[in-house]
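Structure file protein.pdb (PDB, C-alpha atoms, pLDDT in the B column) follows.
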```pdb
ATOM      1  CA  MET A 167       8.970 -19.774  -7.817  1.00 67.00           C
ATOM      2  CA  SER A 168       5.224 -19.187  -7.736  1.00 85.00           C
ATOM      3  CA  PHE A 169       3.131 -16.563  -6.021  1.00 96.00           C
ATOM      4  CA  ALA A 170       2.902 -16.776  -2.224  1.00 97.00           C
ATOM      5  CA  SER A 171      -0.257 -17.277  -0.226  1.00 98.00           C
ATOM      6  CA  MET A 172      -1.879 -14.321   1.487  1.00 98.00           C
ATOM      7  CA  GLU A 173      -1.261 -16.010   4.815  1.00 98.00           C
ATOM      8  CA  ASP A 174       2.484 -16.200   4.205  1.00 98.00           C
ATOM      9  CA  ALA A 175       2.587 -12.590   2.980  1.00 98.00           C
ATOM     10  CA  ILE A 176       0.704 -11.312   6.024  1.00 98.00           C
ATOM     11  CA  ALA A 177       2.975 -13.270   8.383  1.00 98.00           C
ATOM     12  CA  ALA A 178       6.052 -11.708   6.746  1.00 98.00           C
ATOM     13  CA  PHE A 179       4.566  -8.222   6.759  1.00 98.00           C
ATOM     14  CA  ARG A 180       3.602  -8.549  10.422  1.00 98.00           C
ATOM     15  CA  LYS A 181       7.234  -9.360  11.287  1.00 97.00           C
ATOM     16  CA  GLY A 182       8.381  -6.238   9.463  1.00 97.00           C
ATOM     17  CA  ASP A 183       9.747  -8.108   6.437  1.00 98.00           C
ATOM     18  CA  PHE A 184       9.329  -7.077   2.821  1.00 98.00           C
ATOM     19  CA  VAL A 185       6.413  -8.242   0.686  1.00 98.00           C
ATOM     20  CA  MET A 186       6.183  -7.780  -3.084  1.00 98.00           C
ATOM     21  CA  VAL A 187       2.861  -6.826  -4.656  1.00 98.00           C
ATOM     22  CA  MET A 188       2.239  -7.272  -8.391  1.00 96.00           C
ATOM     23  CA  ASP A 189      -0.344  -5.091 -10.092  1.00 90.00           C
ATOM     24  CA  SER A 190      -2.782  -6.384 -12.696  1.00 74.00           C
ATOM     25  CA  GLU A 191      -1.430  -6.746 -16.225  1.00 68.00           C
ATOM     26  CA  ASP A 192      -4.194  -4.499 -17.556  1.00 64.00           C
ATOM     27  CA  ARG A 193      -3.302  -1.695 -15.138  1.00 61.00           C
ATOM     28  CA  GLU A 194       0.312  -0.662 -14.376  1.00 66.00           C
ATOM     29  CA  ASP A 195       1.716  -4.222 -14.682  1.00 79.00           C
ATOM     30  CA  GLU A 196       4.415  -3.259 -12.176  1.00 92.00           C
ATOM     31  CA  CYS A 197       5.661  -4.685  -8.903  1.00 97.00           C
ATOM     32  CA  ASP A 198       6.166  -2.756  -5.679  1.00 98.00           C
ATOM     33  CA  LEU A 199       8.241  -3.565  -2.644  1.00 98.00           C
ATOM     34  CA  VAL A 200       6.038  -2.909   0.404  1.00 98.00           C
ATOM     35  CA  TRP A 201       6.640  -3.112   4.157  1.00 98.00           C
ATOM     36  CA  SER A 202       5.584  -1.735   7.516  1.00 98.00           C
ATOM     37  CA  ALA A 203       6.626   1.789   8.500  1.00 98.00           C
ATOM     38  CA  ALA A 204       6.434   0.842  12.166  1.00 96.00           C
ATOM     39  CA  HIS A 205       9.231  -1.713  11.736  1.00 93.00           C
ATOM     40  CA  VAL A 206      11.382  -0.023   9.104  1.00 98.00           C
ATOM     41  CA  THR A 207      15.159  -0.053   9.563  1.00 98.00           C
ATOM     42  CA  PRO A 208      17.837   1.995   7.775  1.00 98.00           C
ATOM     43  CA  GLU A 209      19.073  -1.249   6.214  1.00 98.00           C
ATOM     44  CA  GLN A 210      15.632  -1.962   4.730  1.00 98.00           C
ATOM     45  CA  MET A 211      15.362   1.576   3.442  1.00 98.00           C
ATOM     46  CA  ALA A 212      18.796   1.315   1.804  1.00 98.00           C
ATOM     47  CA  PHE A 213      17.800  -1.988   0.141  1.00 98.00           C
ATOM     48  CA  ALA A 214      14.600  -0.414  -1.172  1.00 98.00           C
ATOM     49  CA  ILE A 215      16.391   2.657  -2.504  1.00 98.00           C
ATOM     50  CA  ARG A 216      18.979   0.474  -4.252  1.00 98.00           C
ATOM     51  CA  HIS A 217      16.520  -1.865  -5.998  1.00 98.00           C
ATOM     52  CA  THR A 218      13.704   0.536  -6.871  1.00 98.00           C
ATOM     53  CA  THR A 219      13.207   3.941  -8.457  1.00 98.00           C
ATOM     54  CA  GLY A 220      14.485   5.412  -5.184  1.00 98.00           C
ATOM     55  CA  ILE A 221      11.195   7.216  -4.687  1.00 98.00           C
ATOM     56  CA  VAL A 222       9.962   5.781  -1.400  1.00 98.00           C
ATOM     57  CA  CYS A 223       6.355   6.534  -0.511  1.00 98.00           C
ATOM     58  CA  VAL A 224       4.656   6.324   2.856  1.00 98.00           C
ATOM     59  CA  VAL A 225       1.015   5.228   2.858  1.00 98.00           C
ATOM     60  CA  ALA A 226      -1.508   6.412   5.431  1.00 98.00           C
ATOM     61  CA  ASP A 227      -5.072   7.690   5.662  1.00 98.00           C
ATOM     62  CA  LYS A 228      -6.272  11.257   5.213  1.00 97.00           C
ATOM     63  CA  GLU A 229      -6.904  11.851   8.912  1.00 98.00           C
ATOM     64  CA  ARG A 230      -3.354  10.945   9.899  1.00 98.00           C
ATOM     65  CA  LEU A 231      -1.661  12.853   7.084  1.00 98.00           C
ATOM     66  CA  GLU A 232      -3.659  16.025   7.559  1.00 98.00           C
ATOM     67  CA  GLY A 233      -3.256  15.754  11.325  1.00 98.00           C
ATOM     68  CA  PHE A 234       0.460  16.172  10.700  1.00 98.00           C
ATOM     69  CA  GLY A 235      -0.201  19.276   8.630  1.00 98.00           C
ATOM     70  CA  LEU A 236       0.352  17.522   5.303  1.00 98.00           C
ATOM     71  CA  HIS A 237      -1.887  18.330   2.354  1.00 97.00           C
ATOM     72  CA  PRO A 238      -2.521  17.083  -1.202  1.00 97.00           C
ATOM     73  CA  ALA A 239       0.321  17.838  -3.601  1.00 95.00           C
ATOM     74  CA  THR A 240      -2.153  19.319  -6.074  1.00 91.00           C
ATOM     75  CA  THR A 241      -5.720  20.594  -6.084  1.00 89.00           C
ATOM     76  CA  LYS A 242      -6.277  19.101  -9.545  1.00 87.00           C
ATOM     77  CA  ASN A 243      -5.096  15.506  -9.765  1.00 89.00           C
ATOM     78  CA  THR A 244      -4.578  14.478 -13.409  1.00 92.00           C
ATOM     79  CA  ASP A 245      -2.677  11.242 -12.719  1.00 86.00           C
ATOM     80  CA  SER A 246      -4.093   8.480 -14.921  1.00 82.00           C
ATOM     81  CA  ASN A 247      -4.516   6.143 -11.936  1.00 82.00           C
ATOM     82  CA  GLY A 248      -5.643   8.814  -9.466  1.00 83.00           C
ATOM     83  CA  THR A 249      -2.594   8.346  -7.235  1.00 90.00           C
ATOM     84  CA  ASN A 250      -3.195  10.671  -4.302  1.00 95.00           C
ATOM     85  CA  PHE A 251       0.192  12.200  -3.475  1.00 97.00           C
ATOM     86  CA  TYR A 252       0.504  14.553  -0.524  1.00 98.00           C
ATOM     87  CA  VAL A 253       3.306  17.063  -0.007  1.00 98.00           C
ATOM     88  CA  SER A 254       6.631  15.383   0.764  1.00 98.00           C
ATOM     89  CA  THR A 255       7.995  15.532   4.294  1.00 98.00           C
ATOM     90  CA  ASP A 256      10.875  14.917   6.710  1.00 98.00           C
ATOM     91  CA  TYR A 257      10.787  14.392  10.473  1.00 98.00           C
ATOM     92  CA  LEU A 258      12.682  17.446  11.668  1.00 97.00           C
ATOM     93  CA  PRO A 259      13.821  16.434  15.189  1.00 96.00           C
ATOM     94  CA  GLY A 260      15.247  13.087  14.109  1.00 84.00           C
ATOM     95  CA  THR A 261      16.919  13.805  10.770  1.00 93.00           C
ATOM     96  CA  THR A 262      19.711  15.841   9.151  1.00 95.00           C
ATOM     97  CA  THR A 263      19.260  16.426   5.412  1.00 95.00           C
ATOM     98  CA  GLY A 264      16.312  14.026   5.370  1.00 97.00           C
ATOM     99  CA  VAL A 265      17.435  12.079   2.307  1.00 97.00           C
ATOM    100  CA  SER A 266      19.652   9.343   3.784  1.00 98.00           C
ATOM    101  CA  ALA A 267      18.259   5.865   4.373  1.00 98.00           C
ATOM    102  CA  ALA A 268      18.428   6.427   8.134  1.00 98.00           C
ATOM    103  CA  ASP A 269      16.634   9.779   7.869  1.00 98.00           C
ATOM    104  CA  ARG A 270      13.875   8.432   5.641  1.00 98.00           C
ATOM    105  CA  ALA A 271      13.392   5.487   8.011  1.00 98.00           C
ATOM    106  CA  ALA A 272      13.168   7.896  10.955  1.00 98.00           C
ATOM    107  CA  THR A 273      10.518   9.953   9.150  1.00 98.00           C
ATOM    108  CA  ALA A 274       8.492   6.842   8.376  1.00 98.00           C
ATOM    109  CA  ARG A 275       8.577   5.660  11.988  1.00 98.00           C
ATOM    110  CA  ALA A 276       7.653   9.151  13.226  1.00 98.00           C
ATOM    111  CA  LEU A 277       4.520   9.130  11.072  1.00 98.00           C
ATOM    112  CA  CYS A 278       3.349   6.161  13.141  1.00 98.00           C
ATOM    113  CA  ASP A 279       3.296   8.330  16.280  1.00 98.00           C
ATOM    114  CA  ARG A 280       0.071  10.353  16.412  1.00 97.00           C
ATOM    115  CA  SER A 281       1.266  12.241  19.503  1.00 97.00           C
ATOM    116  CA  LEU A 282       3.779  14.226  17.450  1.00 98.00           C
ATOM    117  CA  PRO A 283       2.822  17.787  16.450  1.00 98.00           C
ATOM    118  CA  ALA A 284       2.488  18.955  12.850  1.00 98.00           C
ATOM    119  CA  GLU A 285       5.474  21.243  13.418  1.00 98.00           C
ATOM    120  CA  ALA A 286       7.705  18.181  13.714  1.00 98.00           C
ATOM    121  CA  PHE A 287       7.321  17.531   9.977  1.00 98.00           C
ATOM    122  CA  SER A 288       8.830  19.652   7.204  1.00 97.00           C
ATOM    123  CA  LYS A 289       6.905  20.535   4.079  1.00 96.00           C
ATOM    124  CA  PRO A 290       8.427  19.549   1.668  1.00 97.00           C
ATOM    125  CA  GLY A 291      10.913  16.785   2.393  1.00 98.00           C
ATOM    126  CA  HIS A 292      12.242  13.485   1.079  1.00 98.00           C
ATOM    127  CA  LEU A 293       9.512  10.945   1.926  1.00 98.00           C
ATOM    128  CA  PHE A 294       6.422  11.014  -0.281  1.00 98.00           C
ATOM    129  CA  PRO A 295       3.050  10.428   1.404  1.00 98.00           C
ATOM    130  CA  LEU A 296       0.239   8.652  -0.422  1.00 98.00           C
ATOM    131  CA  CYS A 297      -3.300   8.954   0.902  1.00 98.00           C
ATOM    132  CA  ALA A 298      -5.148   5.626   0.822  1.00 98.00           C
ATOM    133  CA  ARG A 299      -8.845   5.380   0.049  1.00 96.00           C
ATOM    134  CA  PRO A 300     -10.915   4.394   3.126  1.00 95.00           C
ATOM    135  CA  GLY A 301     -12.202   1.236   1.443  1.00 95.00           C
ATOM    136  CA  GLY A 302      -8.741  -0.013   0.543  1.00 96.00           C
ATOM    137  CA  VAL A 303      -8.430  -2.253  -2.516  1.00 96.00           C
ATOM    138  CA  LEU A 304     -12.208  -2.670  -2.634  1.00 96.00           C
ATOM    139  CA  GLU A 305     -12.412   1.027  -3.480  1.00 95.00           C
ATOM    140  CA  ARG A 306      -9.212   1.369  -5.548  1.00 95.00           C
ATOM    141  CA  PRO A 307      -7.185  -1.679  -6.683  1.00 94.00           C
ATOM    142  CA  GLY A 308      -3.751  -0.063  -6.479  1.00 94.00           C
ATOM    143  CA  HIS A 309      -0.470  -0.446  -4.657  1.00 96.00           C
ATOM    144  CA  THR A 310      -1.330   2.362  -2.230  1.00 97.00           C
ATOM    145  CA  GLU A 311      -4.443   0.608  -0.991  1.00 98.00           C
ATOM    146  CA  SER A 312      -2.717  -2.796  -1.085  1.00 98.00           C
ATOM    147  CA  THR A 313      -0.093  -1.499   1.338  1.00 98.00           C
ATOM    148  CA  PHE A 314      -2.751   0.078   3.545  1.00 98.00           C
ATOM    149  CA  ASP A 315      -4.760  -3.154   3.639  1.00 98.00           C
ATOM    150  CA  LEU A 316      -1.686  -5.254   4.440  1.00 98.00           C
ATOM    151  CA  CYS A 317      -1.107  -3.044   7.483  1.00 98.00           C
ATOM    152  CA  SER A 318      -4.680  -3.667   8.610  1.00 97.00           C
ATOM    153  CA  LEU A 319      -4.689  -7.379   7.840  1.00 97.00           C
ATOM    154  CA  SER A 320      -1.440  -7.724   9.794  1.00 97.00           C
ATOM    155  CA  GLY A 321      -2.832  -5.892  12.819  1.00 97.00           C
ATOM    156  CA  LEU A 322      -0.239  -3.139  12.557  1.00 97.00           C
ATOM    157  CA  GLU A 323      -0.380   0.643  12.647  1.00 96.00           C
ATOM    158  CA  ARG A 324      -1.870   1.724   9.336  1.00 97.00           C
ATOM    159  CA  VAL A 325       1.285   3.292   7.971  1.00 98.00           C
ATOM    160  CA  GLY A 326       3.177   1.425   5.282  1.00 98.00           C
ATOM    161  CA  LEU A 327       5.964   1.981   2.791  1.00 98.00           C
ATOM    162  CA  LEU A 328       6.187   1.217  -0.892  1.00 98.00           C
ATOM    163  CA  ALA A 329       8.645   1.656  -3.743  1.00 98.00           C
ATOM    164  CA  GLU A 330       8.442   0.538  -7.375  1.00 98.00           C
ATOM    165  CA  LEU A 331      10.985  -2.122  -8.356  1.00 98.00           C
ATOM    166  CA  MET A 332      13.241  -1.077 -11.231  1.00 98.00           C
ATOM    167  CA  HIS A 333      16.164  -2.599 -13.119  1.00 97.00           C
ATOM    168  CA  GLU A 334      19.573  -0.942 -13.264  1.00 96.00           C
ATOM    169  CA  ASP A 335      18.849   0.100 -16.866  1.00 97.00           C
ATOM    170  CA  GLY A 336      15.820   2.085 -15.716  1.00 97.00           C
ATOM    171  CA  THR A 337      13.114  -0.297 -16.944  1.00 97.00           C
ATOM    172  CA  MET A 338      10.388  -1.464 -14.585  1.00 96.00           C
ATOM    173  CA  PHE A 339       9.902  -4.983 -13.237  1.00 96.00           C
ATOM    174  CA  ARG A 340       7.311  -7.129 -14.982  1.00 94.00           C
ATOM    175  CA  ARG A 341       5.877 -10.434 -13.803  1.00 94.00           C
ATOM    176  CA  ASN A 342       8.810 -12.705 -14.648  1.00 94.00           C
ATOM    177  CA  ASP A 343      11.288 -10.179 -13.234  1.00 96.00           C
ATOM    178  CA  ALA A 344       9.313 -10.047  -9.999  1.00 97.00           C
ATOM    179  CA  LEU A 345       9.213 -13.836  -9.682  1.00 96.00           C
ATOM    180  CA  GLN A 346      12.988 -14.066 -10.124  1.00 97.00           C
ATOM    181  CA  PHE A 347      13.676 -11.262  -7.635  1.00 98.00           C
ATOM    182  CA  ALA A 348      11.320 -12.806  -5.065  1.00 98.00           C
ATOM    183  CA  GLU A 349      13.107 -16.145  -5.349  1.00 97.00           C
ATOM    184  CA  LYS A 350      16.572 -14.577  -5.136  1.00 97.00           C
ATOM    185  CA  TYR A 351      15.814 -12.628  -1.941  1.00 98.00           C
ATOM    186  CA  GLY A 352      13.210 -14.918  -0.364  1.00 98.00           C
ATOM    187  CA  ILE A 353      10.455 -12.294  -0.412  1.00 98.00           C
ATOM    188  CA  PRO A 354       6.782 -13.345  -0.606  1.00 98.00           C
ATOM    189  CA  LEU A 355       5.216 -12.189  -3.881  1.00 98.00           C
ATOM    190  CA  ILE A 356       1.469 -11.674  -4.100  1.00 98.00           C
ATOM    191  CA  THR A 357      -0.923  -9.848  -6.424  1.00 97.00           C
ATOM    192  CA  VAL A 358      -3.458  -7.082  -5.914  1.00 97.00           C
ATOM    193  CA  PRO A 359      -6.281  -9.482  -6.914  1.00 95.00           C
ATOM    194  CA  GLN A 360      -5.227 -11.810  -4.069  1.00 97.00           C
ATOM    195  CA  ILE A 361      -5.635  -8.948  -1.588  1.00 98.00           C
ATOM    196  CA  ILE A 362      -9.004  -8.055  -3.114  1.00 97.00           C
ATOM    197  CA  GLU A 363     -10.168 -11.661  -2.774  1.00 96.00           C
ATOM    198  CA  MET A 364      -9.209 -11.774   0.906  1.00 97.00           C
ATOM    199  CA  ARG A 365     -10.834  -8.418   1.598  1.00 96.00           C
ATOM    200  CA  GLN A 366     -14.037  -9.541  -0.083  1.00 95.00           C
ATOM    201  CA  ARG A 367     -14.018 -12.698   1.992  1.00 94.00           C
ATOM    202  CA  LEU A 368     -13.457 -10.794   5.255  1.00 91.00           C
ATOM    203  CA  THR A 369     -15.541  -7.697   4.611  1.00 80.00           C
ATOM    204  CA  PRO A 370     -18.770  -8.809   6.410  1.00 68.00           C
ATOM    205  CA  SER A 371     -16.880  -9.120   9.724  1.00 52.00           C
ATOM    206  CA  SER A 372     -13.963  -6.808   8.943  1.00 47.00           C
ATOM    207  CA  LYS A 373     -13.192  -3.630  10.819  1.00 47.00           C
ATOM    208  CA  LEU A 374     -11.256  -2.143   7.911  1.00 43.00           C
TER     209      LEU A 374
END
```

Rewrite the structure of this file - the entire thing - as structure tokens.
Amino acid sequence: MSFASMEDAIAAFRKGDFVMVMDSEDREDECDLVWSAAHVTPEQMAFAIRHTTGIVCVVADKERLEGFGLHPATTKNTDSNGTNFYVSTDYLPGTTTGVSAADRAATARALCDRSLPAEAFSKPGHLFPLCARPGGVLERPGHTESTFDLCSLSGLERVGLLAELMHEDGTMFRRNDALQFAEKYGIPLITVPQIIEMRQRLTPSSKL
């Protein structure tokens, strides 16, 4: 199996299906499972938890996250890639312990609803917000911004989910692993550079 086209990836993402995004070999050289928070189901969340590190992150912009009373996890970010984690959260009215697949899916869907008050979200919780840069992959070529841009390119609410694919022995997926997994489960696999290329092509008329 080869890498998918951006058009096929966007069509899958728009339907609420999974897309796999491979980072550059000179960066993390890892592959993330990404999908729309607006469409997430408990079954998808369970699949993601089972095949990844189990750390599921929700991607959104600063305005949305801080509107829900969420804040950066640290005032001094020393992460080598500048990953902008915010305090973890659960949706209080729609969850129990917050950690089950159904609860994490409910929290993700709730973060798509701007009408909800900040009090509806616990601090901390079991879903890990990532704040995307406003310029997307053109500003930072990472998985966070790739997920954010896929939401925009698909015409969906700009809230996405990502989790890093990992083998049962605890090692991370590399390129060949990702290609095999994509073929096995019929998931479109694209790269961050592909998203950058499309963004560069669309930027003059883009509303991103």

Distance table requested - region 213-240 of chain A against region 293-314 of chain A, cut-off 10 Å, only C-alpha atoms: one row per qualifying residue with the closest atom pair and its distance in Å to one decimal, ordered by chain and rising residue number, as a tab-separated table.
```
residue	atom	partner	partner_atom	distance
A:Ile221	CA	A:Phe294	CA	7.5
A:Val222	CA	A:Leu293	CA	6.2
A:Cys223	CA	A:Phe294	CA	4.5
A:Val224	CA	A:Pro295	CA	4.6
A:Val225	CA	A:Leu296	CA	4.8
A:Ala226	CA	A:Cys297	CA	5.5
A:Asp227	CA	A:Cys297	CA	5.2
A:Lys228	CA	A:Cys297	CA	5.7
A:Glu229	CA	A:Cys297	CA	9.2
A:Arg230	CA	A:Cys297	CA	9.2
A:Leu231	CA	A:Cys297	CA	7.5
A:Glu232	CA	A:Cys297	CA	9.7
A:Leu236	CA	A:Pro295	CA	8.5
A:His237	CA	A:Pro295	CA	9.4
A:Pro238	CA	A:Cys297	CA	8.4
A:Ala239	CA	A:Pro295	CA	9.3
```

Taking the file above as input, evaluate the PyMOL selection byres ((chain A and resi 288) around 10) and report the hits as JSON, numbers by chain. {"A": [234, 235, 236, 253, 254, 255, 256, 257, 258, 259, 264, 284, 285, 286, 287, 289, 290, 291, 292]}

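Across the model, the gap from CA of Ala203 (chain A) to CA of Cys317 (chain A) is 9.2 Å.
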
Translate the PyMOL selection byres ((chain A and resi 182) around 12) into a concrete residue list for this structure, as a ChimeraX atom specification. /A:175-181,183-185,200-207,210,316-317,320-323,325-327,353

Rank nothing, just name the residue among A:Phe169, A:Phe213, A:Tyr252, A:Tyr351 nearest to Thr240 (chain A), using all atoms listed in the file.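 When distances to Thr240 (chain A) are compared using all atoms listed in the file, the smallest one comes from A:Tyr252.
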
Could you state which residues are captured by the PyMOL selection byres ((chain A and resi 190) around 12) in this file, as a ChimeraX atom specification? /A:187-189,191-198,307-309,340-341,356-362

Atom pair CA of Ser171 (chain A) / CA of Arg365 (chain A): separation (Å): 13.9 Å

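Distance-wise, CA of Thr219 (chain A) and CA of Glu334 (chain A) end up 9.4 Å apart.
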
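Minimum atom-to-atom distance to Pro208 (chain A), evaluated using all atoms listed in the file, belongs to A:Thr273 out of A:Thr337, A:Thr273, A:Ser246, A:Asn342.
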
Would you list the contacts of Thr218 (chain A) as a count of residues only, taking every protein, DNA or RNA residue within 6 Å and counting all atoms listed in the file, but skipping same-chain residues closer than 3 positions in sequence? 5

Place all heavy atoms on region 246-255 of chain A and deliver the coordinates as a PDB file, in the coordinates of the input.
```pdb
ATOM      1  N   SER A 246      -3.202   9.421 -14.233  1.00 82.00           N
ATOM      2  CA  SER A 246      -4.093   8.480 -14.921  1.00 82.00           C
ATOM      3  C   SER A 246      -4.701   7.441 -13.988  1.00 82.00           C
ATOM      4  O   SER A 246      -5.799   6.928 -14.254  1.00 82.00           O
ATOM      5  CB  SER A 246      -3.341   7.774 -16.057  1.00 82.00           C
ATOM      6  OG  SER A 246      -2.219   7.073 -15.550  1.00 82.00           O
ATOM      7  N   ASN A 247      -3.999   7.124 -12.898  1.00 82.00           N
ATOM      8  CA  ASN A 247      -4.516   6.143 -11.936  1.00 82.00           C
ATOM      9  C   ASN A 247      -5.060   6.788 -10.661  1.00 82.00           C
ATOM     10  O   ASN A 247      -5.404   6.092  -9.708  1.00 82.00           O
ATOM     11  CB  ASN A 247      -3.423   5.135 -11.572  1.00 82.00           C
ATOM     12  CG  ASN A 247      -3.105   4.190 -12.720  1.00 82.00           C
ATOM     13  OD1 ASN A 247      -4.004   3.626 -13.339  1.00 82.00           O
ATOM     14  ND2 ASN A 247      -1.828   4.024 -13.020  1.00 82.00           N
ATOM     15  N   GLY A 248      -5.106   8.123 -10.642  1.00 83.00           N
ATOM     16  CA  GLY A 248      -5.643   8.814  -9.466  1.00 83.00           C
ATOM     17  C   GLY A 248      -4.803   8.660  -8.223  1.00 83.00           C
ATOM     18  O   GLY A 248      -5.326   8.697  -7.100  1.00 83.00           O
ATOM     19  N   THR A 249      -3.488   8.490  -8.389  1.00 90.00           N
ATOM     20  CA  THR A 249      -2.594   8.346  -7.235  1.00 90.00           C
ATOM     21  C   THR A 249      -2.610   9.631  -6.422  1.00 90.00           C
ATOM     22  O   THR A 249      -2.346  10.710  -6.945  1.00 90.00           O
ATOM     23  CB  THR A 249      -1.155   8.038  -7.696  1.00 90.00           C
ATOM     24  OG1 THR A 249      -1.195   6.908  -8.586  1.00 90.00           O
ATOM     25  CG2 THR A 249      -0.270   7.710  -6.511  1.00 90.00           C
ATOM     26  N   ASN A 250      -2.933   9.499  -5.141  1.00 95.00           N
ATOM     27  CA  ASN A 250      -3.195  10.671  -4.302  1.00 95.00           C
ATOM     28  C   ASN A 250      -1.960  11.063  -3.487  1.00 95.00           C
ATOM     29  O   ASN A 250      -1.864  10.783  -2.297  1.00 95.00           O
ATOM     30  CB  ASN A 250      -4.385  10.390  -3.378  1.00 95.00           C
ATOM     31  CG  ASN A 250      -4.940  11.659  -2.764  1.00 95.00           C
ATOM     32  OD1 ASN A 250      -4.533  12.767  -3.088  1.00 95.00           O
ATOM     33  ND2 ASN A 250      -5.887  11.496  -1.856  1.00 95.00           N
ATOM     34  N   PHE A 251      -1.017  11.732  -4.155  1.00 97.00           N
ATOM     35  CA  PHE A 251       0.192  12.200  -3.475  1.00 97.00           C
ATOM     36  C   PHE A 251      -0.110  13.392  -2.578  1.00 97.00           C
ATOM     37  O   PHE A 251      -0.892  14.278  -2.945  1.00 97.00           O
ATOM     38  CB  PHE A 251       1.253  12.641  -4.493  1.00 97.00           C
ATOM     39  CG  PHE A 251       2.109  11.529  -5.013  1.00 97.00           C
ATOM     40  CD1 PHE A 251       1.818  10.913  -6.226  1.00 97.00           C
ATOM     41  CD2 PHE A 251       3.211  11.090  -4.297  1.00 97.00           C
ATOM     42  CE1 PHE A 251       2.613   9.891  -6.721  1.00 97.00           C
ATOM     43  CE2 PHE A 251       4.016  10.070  -4.775  1.00 97.00           C
ATOM     44  CZ  PHE A 251       3.716   9.471  -5.997  1.00 97.00           C
ATOM     45  N   TYR A 252       0.528  13.390  -1.407  1.00 98.00           N
ATOM     46  CA  TYR A 252       0.504  14.553  -0.524  1.00 98.00           C
ATOM     47  C   TYR A 252       1.892  15.189  -0.560  1.00 98.00           C
ATOM     48  O   TYR A 252       2.833  14.608  -1.116  1.00 98.00           O
ATOM     49  CB  TYR A 252       0.142  14.137   0.907  1.00 98.00           C
ATOM     50  CG  TYR A 252      -1.350  14.160   1.179  1.00 98.00           C
ATOM     51  CD1 TYR A 252      -2.260  13.578   0.288  1.00 98.00           C
ATOM     52  CD2 TYR A 252      -1.872  14.763   2.318  1.00 98.00           C
ATOM     53  CE1 TYR A 252      -3.628  13.600   0.532  1.00 98.00           C
ATOM     54  CE2 TYR A 252      -3.238  14.789   2.573  1.00 98.00           C
ATOM     55  CZ  TYR A 252      -4.113  14.209   1.685  1.00 98.00           C
ATOM     56  OH  TYR A 252      -5.461  14.241   1.927  1.00 98.00           O
ATOM     57  N   VAL A 253       2.020  16.368   0.000  1.00 98.00           N
ATOM     58  CA  VAL A 253       3.306  17.063  -0.007  1.00 98.00           C
ATOM     59  C   VAL A 253       4.356  16.220   0.717  1.00 98.00           C
ATOM     60  O   VAL A 253       4.065  15.587   1.731  1.00 98.00           O
ATOM     61  CB  VAL A 253       3.172  18.465   0.630  1.00 98.00           C
ATOM     62  CG1 VAL A 253       2.810  18.370   2.113  1.00 98.00           C
ATOM     63  CG2 VAL A 253       4.446  19.272   0.448  1.00 98.00           C
ATOM     64  N   SER A 254       5.554  16.184   0.173  1.00 98.00           N
ATOM     65  CA  SER A 254       6.631  15.383   0.764  1.00 98.00           C
ATOM     66  C   SER A 254       7.050  15.953   2.114  1.00 98.00           C
ATOM     67  O   SER A 254       6.785  17.118   2.426  1.00 98.00           O
ATOM     68  CB  SER A 254       7.827  15.320  -0.183  1.00 98.00           C
ATOM     69  OG  SER A 254       8.272  16.625  -0.506  1.00 98.00           O
ATOM     70  N   THR A 255       7.715  15.117   2.914  1.00 98.00           N
ATOM     71  CA  THR A 255       7.995  15.532   4.294  1.00 98.00           C
ATOM     72  C   THR A 255       9.237  14.861   4.870  1.00 98.00           C
ATOM     73  O   THR A 255       9.667  13.797   4.401  1.00 98.00           O
ATOM     74  CB  THR A 255       6.778  15.232   5.195  1.00 98.00           C
ATOM     75  OG1 THR A 255       6.968  15.815   6.488  1.00 98.00           O
ATOM     76  CG2 THR A 255       6.558  13.728   5.358  1.00 98.00           C
TER      77      THR A 255
END
```
